[in-house]
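K.L.:
Structure below; questions to follow.
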Amino acid sequence: MGLVPGLVKGLGVTGRTLLQTVFPGGFKKPIPAPIRGAQTVQYPHEKDIPAPRARGVIALHEGNCTSCMLCVRECPDWCIYIEAHKEKAPPRRAGGKPRKKNKLDRFDIDFALCMFCGICVEVCPFEALFWSPEYEYSEPRIADLLHDKSRLHEWMATVPEFEDHETGSVVKQKTVPPL
Amino acid sequence: MTTVSDQQKLSYIAAQAADARVNLEIESEGMTLNLGPQHPATHGTLRIIARIDGEQVIRADPVMGYMHRGYEKLTEVRTYPQVTTLINRIDWLGSFANEVPFILAAEKLMEVEAPPRAQWIRTILFEMSRIANVVLFLGDMAVQVGAITPVFFAFRDREHVLNQIESVTGGRFHPNFDRIGGLKDDFPKGWIDETRQVMKKMRRFCDEIEVLVMDNEIFQARTRGIGVIPADVGLSYGLSGANIRGSGVDRDLRRDNPCGLVHDQIDWKVWTHPDGDSFSRFWVRLQEVRESTGIVSQLLDSLPSGPVMAKVPRIIKVPAGEAYVETENPLGAMGYYIVSKGDLVPFRVKIRSASFSNVSITPWLLQGVYVPDIITILASLYFILGDIDR
């Protein structure tokens with residue numbers, strides 16, 4: 001049969017890859033960790049760090065949100081819920097009229113529905129929404145994937161600084177506002 | 001090489017004829033074999049109802065629609081920026097390429113043009129999504145003929161490309177990076193050098209696959225002379241992409257119709273193969289991955305500086321009219337026909353996806369083949385169910 005050489009070659013490649021994985025430093029060296037030559041990561045013990053731009057979870061800067069409802073309207077599957085009421089705020093200058101301010105009562109994002117498109121982050125004109133590359137927030141109950149505003153605010157601590165752009169770019173550099 | 005191919009073709013045809021004669025003599029009734037909708041050898045939920053006589057297929061009907069998600073209707077209630085989120089999910093392995101024709105069609109209606117840097121970045125990401133998509137085919141095709149290792153190699157090396165796409169767009173699979181009038185953002189610092197390294201790795205992967213799979217005797221025996229599509233039949237069924245180039249038709253929309261992408265600015269080649277069998281489709285795709293890495297490297301060298309977004313209104317209303325734009329996506333020609341009535345949302349969007357037309361040839365192509373060859377032929381046509389059902 002002419003197929004035997006093909007079979008042997010295939011087995012050879014598999015064997016070579018196996019040896020490279022188990023003995024990444026050659027046969028003579030002792031094996032510090034047998035998986036060192038592997039391409040995968042032993043997940044719960046070591047973690048891959050995603051890129052700073054990775055869309056993991058949405059963080060809310062609560063102080064910046066004016067409850068303008070732009071993100072609610074632009075969301076393609078309508079998974080953001082905002083409720084707010086008007087409140088009297090102290091005047092900016094002494095002796096001025098008291099201002100009216102929107103007070104956020106509820107800001108929920110249902111991550112079970114979210115498609116991670118990033119449109120809400122992009123349309124927010126007040127720098128209240130940010131992407132965080134965190135990804136470990138799975139829940140046994142699907143209802144727990146609805147993050148309320150305090151939980152969304154906690155994610156703010158994990159938002160990385162925006163990266164510099166490549167040379168030749170004239171895009172304005174954004175910054176993350178302090179908490 | 002050609003003599004081996006001819007010999008194999010002849011022996012295959014002789015075996016088919018002999019089997020057909022035996023079936024006639026023993027007057028077998030045949031049986032119906034259901035492949036799918038859930039079957040490890042079908043990619044997704046394509047169901048093939050094959051009427052079988054002995055080991056030979058008499059007729060095979062593809063049944064599709066198990067994953068229909070109604071994108072054409074959904075786009076009618078989404079604004080233009082929201083639509084790109086949806087159409088990312090059509091061909092999920094090369095998502096960025098799905099956005100491009102839609103955005104180009106909308107730009108054509110709005111009469112805006114993306115700045116040069118945006119066009120360059122678009123083309124770079126377009127080609128990278130092609131690499132990410134087709135690399136998986138190169139591994140997957142080997143799985144269908146019984147080799148396990150190449151698919152792990154493919155997953156390993158595709159990860160480099162996906163990481164690069166993620167560090168630009170934020171999404172590994174669903175970038176949602178294209179905007180009407182340009183792009184969402186620019187490259188992060190250091191990305192170009194990393195991508196050059198990745199392209200080198202992908203070229204090495206192509207060499208590896210060439211030695212490991214294409215030169216392998218078993219692979220050649222399973223693919224050469226099997227599933228032959230003559231050029232005229234392929235054209236009449238509306239095949240596109242590497243499937244039709246594998247039949248010797250020199251047709252590539254990147255070169256023939258470069259609307260909005262900058263493939264005409266650089267030096268590259270369209271690969272064709274005259275045989276039209278499963279092997280030639282594999283060969284053409286392998287060469288295309290190589291060519292794509294070259295395209296990306298050249299575009300990175302000549303990347304112009306400037307803005308990545310043209311001036312477009314904040315609330316996008318597309319003027320009334322109709323536009324159709326077709327580009328050469330990883331799976332073949334993909335086009336969007338947009339009818340706008342001047343609203344925030346499109347009035348109607350018709351999606352011409354490559355896989356739907358590519359799969360339509362299966363009843364013709366699977367006639368008379370053996371049962372194990374159904375799998376290799378389907379694998380070599382390379383469709384993605386999201387692209388068929390939409």
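Every chain in the structure tokens takes a letter, A first, then B, and so on in the order presented; its residues are numbered from 1, and the ligands are numbered from 1 following the presented order.
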Enumerate as a PyMOL selection string the residues belonging to chain A that approach chain B to within 10 Å, with only C-alpha atoms taken into account.
P.N.:
chain A and resi 2-7+9-11+13-14+17+39-40+50-56+74-77+115-119+122-123+131+133+162-172
K.L.:
DSSP on the backbone: which residues in segment 13-157 of chain A end up as strand (DSSP E)? Give the answer as an NGL selection string.
P.N.:
:A and (57-60 or 80-89 or 99-110 or 129-132 or 146-147)
K.L.:
Generate the output file for the selected residues, C-alpha atoms, as a PDB file, in the first residue's frame.
P.N.:
```pdb
ATOM      1  CA  VAL A  57     -17.426  43.821  31.335  1.00  0.00           C
ATOM      2  CA  ILE A  58     -18.926  47.306  31.375  1.00  0.00           C
ATOM      3  CA  ALA A  59     -17.974  49.585  34.249  1.00  0.00           C
ATOM      4  CA  LEU A  60     -20.072  52.533  35.352  1.00  0.00           C
ATOM      5  CA  ILE A  80     -29.801  48.615  30.009  1.00  0.00           C
ATOM      6  CA  TYR A  81     -32.378  49.834  32.509  1.00  0.00           C
ATOM      7  CA  ILE A  82     -32.224  53.349  33.968  1.00  0.00           C
ATOM      8  CA  GLU A  83     -34.560  54.987  36.433  1.00  0.00           C
ATOM      9  CA  ALA A  84     -33.931  58.436  37.849  1.00  0.00           C
ATOM     10  CA  HIS A  85     -35.672  61.257  39.623  1.00  0.00           C
ATOM     11  CA  LYS A  86     -35.073  65.002  39.828  1.00  0.00           C
ATOM     12  CA  GLU A  87     -33.483  66.345  42.955  1.00  0.00           C
ATOM     13  CA  LYS A  88     -32.673  69.810  44.165  1.00  0.00           C
ATOM     14  CA  ALA A  89     -28.957  70.370  44.397  1.00  0.00           C
ATOM     15  CA  ARG A  99     -30.267  73.594  40.737  1.00  0.00           C
ATOM     16  CA  LYS A 100     -32.227  70.617  39.527  1.00  0.00           C
ATOM     17  CA  LYS A 101     -30.195  67.480  39.119  1.00  0.00           C
ATOM     18  CA  ASN A 102     -30.984  63.977  37.901  1.00  0.00           C
ATOM     19  CA  LYS A 103     -30.398  61.436  40.649  1.00  0.00           C
ATOM     20  CA  LEU A 104     -29.771  57.931  39.456  1.00  0.00           C
ATOM     21  CA  ASP A 105     -32.027  55.395  41.166  1.00  0.00           C
ATOM     22  CA  ARG A 106     -31.359  52.375  39.086  1.00  0.00           C
ATOM     23  CA  PHE A 107     -28.729  51.513  36.503  1.00  0.00           C
ATOM     24  CA  ASP A 108     -28.846  47.850  35.565  1.00  0.00           C
ATOM     25  CA  ILE A 109     -27.127  46.035  32.751  1.00  0.00           C
ATOM     26  CA  ASP A 110     -28.356  42.553  32.007  1.00  0.00           C
ATOM     27  CA  LEU A 129     -19.226  53.958  30.826  1.00  0.00           C
ATOM     28  CA  PHE A 130     -15.980  52.070  30.256  1.00  0.00           C
ATOM     29  CA  TRP A 131     -14.834  48.652  29.181  1.00  0.00           C
ATOM     30  CA  SER A 132     -12.936  46.505  31.604  1.00  0.00           C
ATOM     31  CA  LEU A 146     -28.072  41.536  36.041  1.00  0.00           C
ATOM     32  CA  HIS A 147     -25.504  43.890  37.533  1.00  0.00           C
TER      33      HIS A 147
END
```
K.L.:
Find the residues near Phe102 of chain B: any atom within 8 Å, counting only C-alpha atoms, skip ones fewer than 3 places away on the same chain, and give them as a VMD selection string.
P.N.:
chain B and resid 84 98 to 99 105 to 106 325 335 to 336
K.L.:
Atom CA of Pro363 of chain B and atom CA of Leu35 of chain B are how many Å apart?
P.N.:
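It comes out at 13.7 Å.
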K.L.:
Might you pull out every residue within 9 Å of Ser340 of chain B, with only C-alpha atoms counted and same-chain residues fewer than 5 positions away left off, and present them as a ChimeraX atom specification?
P.N.:
/B:109,318-323,345-349
K.L.:
Quick one: write out the picked residues with C-alpha atoms as a compact mmCIF listing (two decimals), in the first residue's frame?
P.N.:
```txt
# COMPACT_ATOMS: atom_id res chain seq x y z
CA LEU B 109 -25.66 55.79 -0.14
CA VAL B 318 -29.00 57.34 5.30
CA PRO B 319 -30.59 59.15 2.35
CA ALA B 320 -33.21 57.34 0.30
CA GLY B 321 -31.85 55.05 -2.37
CA GLU B 322 -30.55 51.60 -3.10
CA ALA B 323 -27.02 50.29 -3.06
CA VAL B 345 -33.20 52.22 9.99
CA PRO B 346 -32.79 50.45 6.66
CA PHE B 347 -36.06 49.72 4.86
CA ARG B 348 -34.82 46.37 3.60
CA VAL B 349 -31.51 44.57 3.61
```
K.L.:
Just how far from atom CA of Asp6 of chain B is atom CA of Arg224 of chain B, in Å to one decimal?
P.N.:
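So the two atoms, atom CA of Arg224 of chain B and atom CA of Asp6 of chain B, lie 8.7 Å apart.
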K.L.:
Need the shell around Pro125 of chain A: protein/DNA/RNA residues with any atom at most 12 Å away, counting only C-alpha atoms. Skip same-chain ones fewer than 6 positions apart. Format as a ChimeraX atom specification?
P.N.:
/A:64-71,119 /B:314
K.L.:
Would you please give, as a ChimeraX atom specification, all residues of segment 128-344 of chain B that DSSP assigns to alpha helix (DSSP H) based on the backbone?
P.N.:
/B:128-144,149-169,191-209,217-223,231-236,242-245,253-256,278-301
K.L.:
Using only C-alpha atoms, pick whichever of B:Ala333, B:Val100, B:Leu183, B:Val135 has the shortest atom-to-atom distance to Phe205 of chain B.
P.N.:
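Of all the options, B:Val135 lies closest to Phe205 of chain B.
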K.L.:
Which residue out of A:His61, A:Pro91, A:Pro44, A:Cys124 has the minimum interatomic distance to Arg73 of chain A when only C-alpha atoms are used?
P.N.:
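Closest to Arg73 of chain A, using only C-alpha atoms: A:Cys124.
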K.L.:
Report, in Å with one decimal, the straight-line distance from atom CA of Lys73 of chain B to atom CA of Cys114 of chain A.
P.N.:
19.9 Å
